[in-house]
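**Q** mmCIF, C-alpha atoms, file target-v4.cif:
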```cif
data_input
loop_
_atom_site.label_atom_id
_atom_site.label_comp_id
_atom_site.auth_asym_id
_atom_site.auth_seq_id
_atom_site.Cartn_x
_atom_site.Cartn_y
_atom_site.Cartn_z
CA MET E 1 11.82 -61.33 -61.73
CA SER E 2 9.17 -64.02 -61.58
CA THR E 3 6.48 -64.00 -64.24
CA HIS E 4 4.24 -66.38 -62.29
CA SER E 5 0.56 -65.48 -62.58
CA VAL E 6 -2.69 -67.09 -61.55
CA ASP E 7 -6.17 -66.89 -63.03
CA HIS E 8 -7.94 -66.34 -59.71
CA LEU E 9 -7.59 -64.11 -56.69
CA LEU E 10 -5.51 -65.84 -54.03
CA GLN E 11 -7.63 -66.83 -51.04
CA PRO E 12 -6.87 -67.96 -47.48
CA GLY E 13 -5.19 -71.33 -47.74
CA ASP E 14 -3.40 -70.55 -51.02
CA ARG E 15 0.40 -70.60 -51.04
CA VAL E 16 2.03 -67.59 -52.70
CA PRO E 17 4.83 -67.95 -55.25
CA ASN E 18 8.22 -66.36 -54.82
CA ILE E 19 8.57 -62.88 -56.33
CA MET E 20 11.69 -60.75 -56.71
CA LEU E 21 11.34 -56.95 -56.73
CA ASP E 22 13.55 -53.86 -56.52
CA ALA E 23 13.76 -52.45 -53.01
CA ILE E 24 12.79 -48.78 -52.64
CA SER E 25 13.75 -48.15 -49.05
CA ARG E 26 17.22 -49.68 -49.52
CA GLU E 27 19.45 -50.95 -52.30
CA GLY E 28 19.11 -54.43 -53.76
CA LYS E 29 16.25 -56.85 -54.20
CA ILE E 30 13.42 -58.12 -52.01
CA THR E 31 11.91 -61.57 -52.44
CA LEU E 32 9.00 -63.23 -50.69
CA ASP E 33 11.31 -66.13 -49.95
CA ASP E 34 13.24 -63.73 -47.69
CA PHE E 35 10.36 -64.08 -45.21
CA ARG E 36 9.39 -67.70 -45.79
CA GLY E 37 10.21 -69.81 -42.75
CA ARG E 38 11.25 -66.69 -40.84
CA SER E 39 8.20 -64.51 -40.15
CA PRO E 40 4.62 -63.84 -41.20
CA LEU E 41 4.20 -60.98 -43.66
CA LEU E 42 1.59 -58.36 -44.45
CA ILE E 43 2.04 -57.43 -48.10
CA GLY E 44 0.18 -54.47 -49.56
CA LEU E 45 -0.04 -54.42 -53.36
CA PHE E 46 -0.86 -50.92 -54.59
CA ARG E 47 -1.17 -48.88 -57.74
CA GLY E 48 1.59 -46.40 -58.42
CA LEU E 49 2.25 -43.45 -56.16
CA HIS E 50 0.30 -41.34 -58.67
CA CYS E 51 -2.81 -42.81 -56.98
CA PRO E 52 -3.71 -40.55 -54.03
CA PHE E 53 -5.59 -43.33 -52.27
CA CYS E 54 -2.60 -45.66 -52.50
CA ARG E 55 -0.28 -43.00 -51.08
CA ARG E 56 -2.54 -42.80 -48.06
CA TYR E 57 -2.84 -46.54 -47.64
CA VAL E 58 0.93 -46.99 -47.81
CA ALA E 59 1.19 -44.43 -45.00
CA ALA E 60 -1.54 -46.31 -43.10
CA MET E 61 0.50 -49.52 -43.41
CA ALA E 62 3.42 -47.71 -41.80
CA GLN E 63 1.22 -46.68 -38.88
CA LEU E 64 0.18 -50.30 -38.32
CA ASN E 65 3.75 -51.58 -38.67
CA PRO E 66 4.82 -51.20 -34.99
CA ALA E 67 1.79 -53.14 -33.71
CA LEU E 68 2.39 -55.89 -36.26
CA ARG E 69 6.08 -56.08 -35.42
CA GLU E 70 5.18 -56.61 -31.76
CA LYS E 71 3.50 -59.79 -32.97
CA GLY E 72 6.52 -60.76 -35.08
CA ILE E 73 4.85 -59.83 -38.38
CA GLU E 74 6.81 -57.94 -41.05
CA SER E 75 5.25 -55.54 -43.59
CA LEU E 76 6.01 -54.91 -47.26
CA ALA E 77 4.39 -52.22 -49.42
CA VAL E 78 4.62 -52.76 -53.20
CA VAL E 79 3.89 -49.93 -55.65
CA ASN E 80 3.74 -49.96 -59.45
CA THR E 81 5.92 -46.85 -59.59
CA PRO E 82 9.38 -47.30 -61.21
CA VAL E 83 12.07 -47.59 -58.55
CA GLU E 84 13.93 -44.30 -59.11
CA ARG E 85 10.69 -42.31 -59.11
CA ALA E 86 9.54 -44.13 -55.99
CA ARG E 87 12.84 -43.46 -54.22
CA LEU E 88 12.50 -39.77 -55.07
CA TYR E 89 9.01 -39.67 -53.58
CA PHE E 90 10.04 -41.42 -50.37
CA ARG E 91 13.06 -39.16 -50.03
CA TYR E 92 10.71 -36.20 -49.62
CA HIS E 93 7.92 -38.16 -47.92
CA PRO E 94 9.87 -40.54 -45.69
CA ILE E 95 8.03 -43.45 -44.12
CA PRO E 96 10.37 -44.74 -41.41
CA ASP E 97 10.84 -48.47 -41.01
CA LEU E 98 8.39 -49.52 -43.72
CA LEU E 99 9.92 -51.88 -46.23
CA ALA E 100 8.83 -50.91 -49.74
CA ALA E 101 9.40 -52.35 -53.22
CA SER E 102 8.86 -51.24 -56.82
CA ASP E 103 6.93 -53.34 -59.31
CA PRO E 104 6.13 -51.32 -62.46
CA ALA E 105 5.52 -54.55 -64.39
CA ARG E 106 2.78 -55.60 -61.89
CA THR E 107 4.40 -59.00 -61.42
CA SER E 108 3.18 -59.24 -57.83
CA HIS E 109 -0.38 -58.24 -58.71
CA ARG E 110 -0.60 -60.98 -61.34
CA ALA E 111 0.92 -63.54 -58.96
CA PHE E 112 -1.76 -62.77 -56.37
CA GLY E 113 -4.53 -62.76 -58.98
CA LEU E 114 -5.40 -59.06 -58.77
CA PRO E 115 -6.98 -58.14 -62.13
CA ILE E 116 -6.92 -54.96 -64.18
CA VAL E 117 -10.44 -53.61 -64.58
CA GLU E 118 -11.52 -51.91 -67.82
CA PHE E 119 -13.67 -48.77 -67.67
CA THR E 120 -16.65 -48.82 -70.01
CA GLN E 121 -19.52 -46.41 -70.53
CA ASN E 122 -22.24 -48.50 -68.92
CA GLU E 123 -21.24 -52.19 -68.97
CA THR E 124 -20.20 -53.81 -65.70
CA VAL E 125 -18.89 -57.36 -65.50
CA TRP E 126 -16.99 -57.21 -62.22
CA PRO E 127 -14.02 -57.46 -61.80
CA ASN E 128 -13.10 -57.33 -65.49
CA LYS E 129 -15.21 -54.35 -66.56
CA VAL E 130 -16.94 -51.52 -64.75
CA GLY E 131 -19.23 -48.90 -66.26
CA MET E 132 -18.56 -45.26 -65.46
CA ASP E 133 -22.23 -45.02 -64.52
CA GLU E 134 -21.45 -47.54 -61.75
CA VAL E 135 -18.20 -45.79 -60.75
CA MET E 136 -20.00 -42.50 -60.22
CA THR E 137 -22.33 -44.16 -57.69
CA MET E 138 -19.38 -45.39 -55.59
CA ARG E 139 -18.42 -43.32 -52.57
CA VAL E 140 -15.06 -42.78 -50.91
CA ASP E 141 -15.28 -41.56 -47.32
CA LEU E 142 -12.03 -40.15 -45.94
CA PRO E 143 -11.52 -37.60 -43.14
CA GLU E 144 -9.79 -35.26 -45.60
CA LEU E 145 -12.83 -35.07 -47.86
CA PRO E 146 -15.66 -32.61 -47.18
CA GLU E 147 -18.17 -35.41 -47.82
CA PRO E 148 -18.27 -38.92 -49.30
CA MET E 149 -17.41 -38.58 -53.00
CA ASP E 150 -17.17 -40.68 -56.15
CA PRO E 151 -13.60 -41.95 -56.69
CA PRO E 152 -12.64 -39.69 -59.66
CA THR E 153 -13.77 -36.51 -57.87
CA ALA E 154 -12.18 -37.59 -54.59
CA GLY E 155 -8.93 -38.49 -56.36
CA ASP E 156 -8.71 -35.12 -58.10
CA LEU E 157 -9.33 -33.29 -54.83
CA LEU E 158 -6.70 -35.28 -52.94
CA ASN E 159 -4.11 -34.82 -55.70
CA GLN E 160 -4.71 -31.06 -55.58
CA LYS E 161 -4.36 -31.12 -51.80
CA ASP E 162 -1.12 -33.09 -52.00
CA GLY E 163 0.36 -31.06 -54.85
CA TYR E 164 1.56 -34.34 -56.35
CA GLU E 165 3.51 -33.64 -59.53
CA MET E 166 2.99 -36.22 -62.26
CA MET E 167 6.25 -37.21 -63.94
CA GLU E 168 6.95 -39.25 -67.05
CA ALA E 169 7.63 -42.31 -64.89
CA ASP E 170 4.14 -41.97 -63.40
CA GLN E 171 2.56 -41.72 -66.85
CA GLN E 172 4.41 -44.84 -68.00
CA VAL E 173 2.60 -47.07 -65.51
CA ARG E 174 -0.89 -45.65 -66.00
CA ILE E 175 -3.13 -47.76 -68.23
CA ALA E 176 -5.50 -45.65 -70.31
CA GLY E 177 -9.10 -46.65 -69.69
CA HIS E 178 -8.12 -49.25 -67.10
CA MET E 179 -7.22 -49.53 -63.40
CA GLN E 180 -5.14 -52.07 -61.52
CA LEU E 181 -7.07 -53.47 -58.58
CA VAL E 182 -5.14 -53.69 -55.32
CA GLY E 183 -5.21 -55.33 -51.92
CA HIS E 184 -3.54 -56.55 -48.74
CA PHE E 185 -2.62 -60.15 -47.96
CA LEU E 186 -1.49 -61.52 -44.60
CA LEU E 187 0.82 -64.51 -45.04
CA ASP E 188 1.97 -66.98 -42.41
CA ARG E 189 5.59 -68.08 -42.01
CA GLU E 190 5.22 -70.64 -44.77
CA GLY E 191 3.91 -68.10 -47.29
CA VAL E 192 0.27 -69.22 -47.10
CA VAL E 193 -2.46 -66.58 -47.28
CA ARG E 194 -4.36 -66.39 -43.98
CA TRP E 195 -6.35 -63.15 -44.48
CA SER E 196 -6.92 -60.65 -47.25
CA PHE E 197 -8.69 -57.40 -48.07
CA THR E 198 -8.87 -56.46 -51.74
CA GLU E 199 -10.75 -54.21 -54.14
CA VAL E 200 -11.93 -57.31 -55.99
CA GLU E 201 -14.29 -58.45 -53.25
CA ASP E 202 -17.85 -57.21 -52.65
CA GLU E 203 -18.54 -56.37 -56.30
CA GLY E 204 -16.34 -53.30 -56.26
CA ARG E 205 -17.61 -51.75 -53.04
CA ASN E 206 -14.05 -51.94 -51.67
CA VAL E 207 -12.58 -49.78 -54.46
CA CYS E 208 -10.41 -47.01 -52.96
CA ARG E 209 -11.39 -48.10 -49.44
CA ALA E 210 -8.93 -48.55 -46.59
CA LEU E 211 -8.72 -51.86 -44.77
CA ASN E 212 -10.26 -52.23 -41.32
CA PRO E 213 -7.38 -52.16 -38.78
CA GLU E 214 -9.38 -54.14 -36.21
CA GLU E 215 -10.01 -56.95 -38.70
CA LEU E 216 -6.35 -57.00 -39.66
CA MET E 217 -5.11 -57.11 -36.06
CA SER E 218 -7.57 -59.87 -35.21
CA ALA E 219 -6.19 -61.93 -38.10
CA ALA E 220 -2.64 -61.00 -37.06
CA CYS E 221 -3.23 -62.43 -33.58
CA GLU E 222 -4.22 -65.77 -35.11
CA VAL E 223 -1.25 -65.83 -37.50
CA ALA E 224 1.20 -64.91 -34.75
CA HIS E 225 0.24 -67.92 -32.61
#
```
Spit out the file's structure as structure tokens when you get a sec.
**A**
Amino acid sequence: MSTHSVDHLLQPGDRVPNIMLDAISREGKITLDDFRGRSPLLIGLFRGLHCPFCRRYVAAMAQLNPALREKGIESLAVVNTPVERARLYFRYHPIPDLLAASDPARTSHRAFGLPIVEFTQNETVWPNKVGMDEVMTMRVDLPELPEPMDPPTAGDLLNQKDGYEMMEADQQVRIAGHMQLVGHFLLDREGVVRWSFTEVEDEGRNVCRALNPEELMSAACEVAH
């Protein structure tokens, strides 16, 4: 497994390094070099499946997959959850035809420059630190929620709705007092970033937000040609 990391968030025009991860949806390994020279790739880098927002955004990737494949673009969802735990989840919550990989060490997140943000009481230096006073002003707006809510309240409600059972493997990848930031990156055939949507951008206003499908498909049309 590559330990390559960068000190900045990868931007359009940056070439991504090769990464090797354990496949969830099949046996064996998945590498980014598997796609290089063959097809563009949408890669979603998520927190573990213990994150209710990430579970939904993985499912959303699967819904976009057919339209992307029509344009010759493959999709890969990466979760921090250990591989056996992730395989158990997908066995009971199958997501057909979506390639998924396990990365409990967060190798891919470091390689793409996605930081881990520290929660503080009231000090915000985005994206390294965020005060809980700031977090409680953020709003997540999902159809399943009765109203826009702060992320902790929304997360608790969605976990209750899902009945997600936390296991030891889930606890192992949680970082007390911290949160891994996540995002999507659209790569061309040569492994160069052409579009991205991450929680890092917009001073945290993207935290726990879904990407805009219209923006993604517009970028996909450009990458496909």
**Q** Could you please determine the separation between atom CA of Ala105 of chain E and atom CA of Arg87 of chain E in Å, to one decimal place?
**A** 16.7 Å
**Q** Step by step, work through what the PyMOL selection byres ((chain E and resi 78) around 8) selects in the shown file, and finish by giving those residues as an MDAnalysis selection string.
**A** chainID E and resid 43:46 76:77 79:80 100:103
**Q** Atom CA of Glu70 of chain E to atom CA of Asp33 of chain E: how many Å, to one decimal?
**A** 21.4 Å
**Q** Using Å and a single decimal, report how far atom CA of Leu88 of chain E sits from atom CA of Arg26 of chain E.
**A** 12.3 Å
**Q** Excluding Phe119 of chain E and any residue of its chain fewer than 6 positions from it, enumerate the residues within 6 Å of it, using only C-alpha atoms, and give them as a ChimeraX atom specification.
**A** /E:129-131,177-178
**Q** Would you tabulate, counting all atoms listed in the file, all residues of segment 44-113 of chain E that have an atom at most 12 Å from an atom of segment 134-151 of chain E, showing the closest pair of atoms and their distance in Å to one decimal, sorted by chain then ascending number, as a Markdown table?
**A**
```
| residue | atom | partner | partner_atom | distance |
| --- | --- | --- | --- | --- |
| E:Cys51 | CA | E:Pro151 | CA | 10.8 |
| E:Pro52 | CA | E:Pro151 | CA | 10.3 |
| E:Phe53 | CA | E:Pro151 | CA | 9.3 |
| E:Arg56 | CA | E:Leu142 | CA | 10.1 |
| E:Tyr57 | CA | E:Leu142 | CA | 11.3 |
```
**Q** Could you tell me, as a list of chain:residue names, exactly which residues end up selected when the PyMOL selection byres ((chain E and resi 75) around 10) is applied to this structure?
**A**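 Those residues are E:Pro40, E:Leu41, E:Leu42, E:Ile43, E:Gly44, E:Met61, E:Ala62, E:Leu64, E:Asn65, E:Pro66, E:Leu68, E:Arg69, E:Ile73, E:Glu74, E:Leu76, E:Ala77, E:Asp97, E:Leu98, E:Leu99, E:Ala100, E:Leu186.
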**Q** What residues come out when you apply the PyMOL selection byres ((chain E and resi 35) around 10) to this file, written as a list in words?
**A**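 Taken on the displayed file, the PyMOL selection byres ((chain E and resi 35) around 10) yields the residues Ile30, Thr31, Leu32, Asp33, Asp34, Arg36, Gly37, Arg38, Ser39, Pro40, Leu41, Ile73, Glu74, Leu187, Asp188, Arg189, Glu190 and Gly191 of chain E.
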**Q** For the interface of segment 38-156 of chain E with segment 168-176 of chain E (cut-off 9 Å, counting all atoms listed in the file), please tabulate each contacting residue of segment 38-156 of chain E alongside its nearest pair of atoms and their separation in Å to one decimal, rows sorted by chain and increasing number, as CSV.
**A**
```
residue,atom,partner,partner_atom,distance
E:Arg47,CA,E:Val173,CA,8.8
E:Gly48,CA,E:Asp170,CA,7.1
E:Leu49,CA,E:Asp170,CA,7.6
E:His50,CA,E:Asp170,CA,6.1
E:Asn80,CA,E:Val173,CA,6.8
E:Thr81,CA,E:Asp170,CA,6.4
E:Pro82,CA,E:Ala169,CA,6.4
E:Glu84,CA,E:Ala169,CA,8.8
E:Arg85,CA,E:Ala169,CA,6.5
E:Pro104,CA,E:Val173,CA,6.3
E:Ala105,CA,E:Val173,CA,8.1
```
**Q** Ranking E:Met167, E:Val193, E:Cys208, E:Met179 by minimum distance to Val223 of chain E and counting all atoms listed in the file, which one comes first?
**A** E:Val193
**Q** List the spatial neighbours of Glu201 of chain E as a list in words - criterion: any atom at most 10 Å away, only C-alpha atoms, same-chain residues fewer than 6 positions off excluded.
**A**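 The filter keeps Leu9, Trp126, Pro127, Gly183 and Val207 of chain E.
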**Q** Set up a box along x, y and z of the file covering all listed atoms of segment 7-10 of chain E, add 5 Å on every one of the six sides, and write the centre and edge lengths in Å to one decimal, as AutoDock Vina command-line options.
**A**
```
--center_x -6.7 --center_y -65.5 --center_z -58.5 --size_x 12.4 --size_y 12.8 --size_z 19.0
```
**Q** Here is a test: counting all atoms listed in the file, which residue of E:Ala67, E:Ala86, E:Leu10, E:Leu181 is nearest to Ile24 of chain E?
**A**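 Checking each of E:Ala67, E:Ala86, E:Leu10, E:Leu181 against Ile24 of chain E, counting all atoms listed in the file, the winner is E:Ala86.
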**Q** Of the residues E:Leu211, E:Leu158, E:Cys54, E:Val16, which is the one nearest to His184 of chain E, using only C-alpha atoms?
**A**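 When distances to His184 of chain E are compared using only C-alpha atoms, the smallest one comes from E:Leu211.
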**Q** Of the residues E:Glu203, E:Glu165, E:Asp22, E:Glu215, which is the one nearest to Val125 of chain E, using only C-alpha atoms?
**A**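 The shortest atom-to-atom distance to Val125 of chain E comes from E:Glu203.
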**Q** Considering only C-alpha atoms, can you say which of E:Gln180, E:Ala60, E:Tyr92, E:Pro115 comes closest to Tyr164 of chain E?
**A** E:Tyr92
**Q** Identify, on the basis of all atoms listed in the file, every residue whose closest approach to Ser218 of chain E does not exceed 12 Å; exclude the query and any residue fewer than 2 positions from it along the same chain; express the result as number ranges by chain.
**A** E: 67-68, 71, 186, 194-195, 212-216, 220-225
**Q** Tell me which of E:Ala154, E:Glu118, E:Phe185, E:Gly204 sits closest to Arg15 of chain E, counting all atoms listed in the file.
**A** E:Phe185
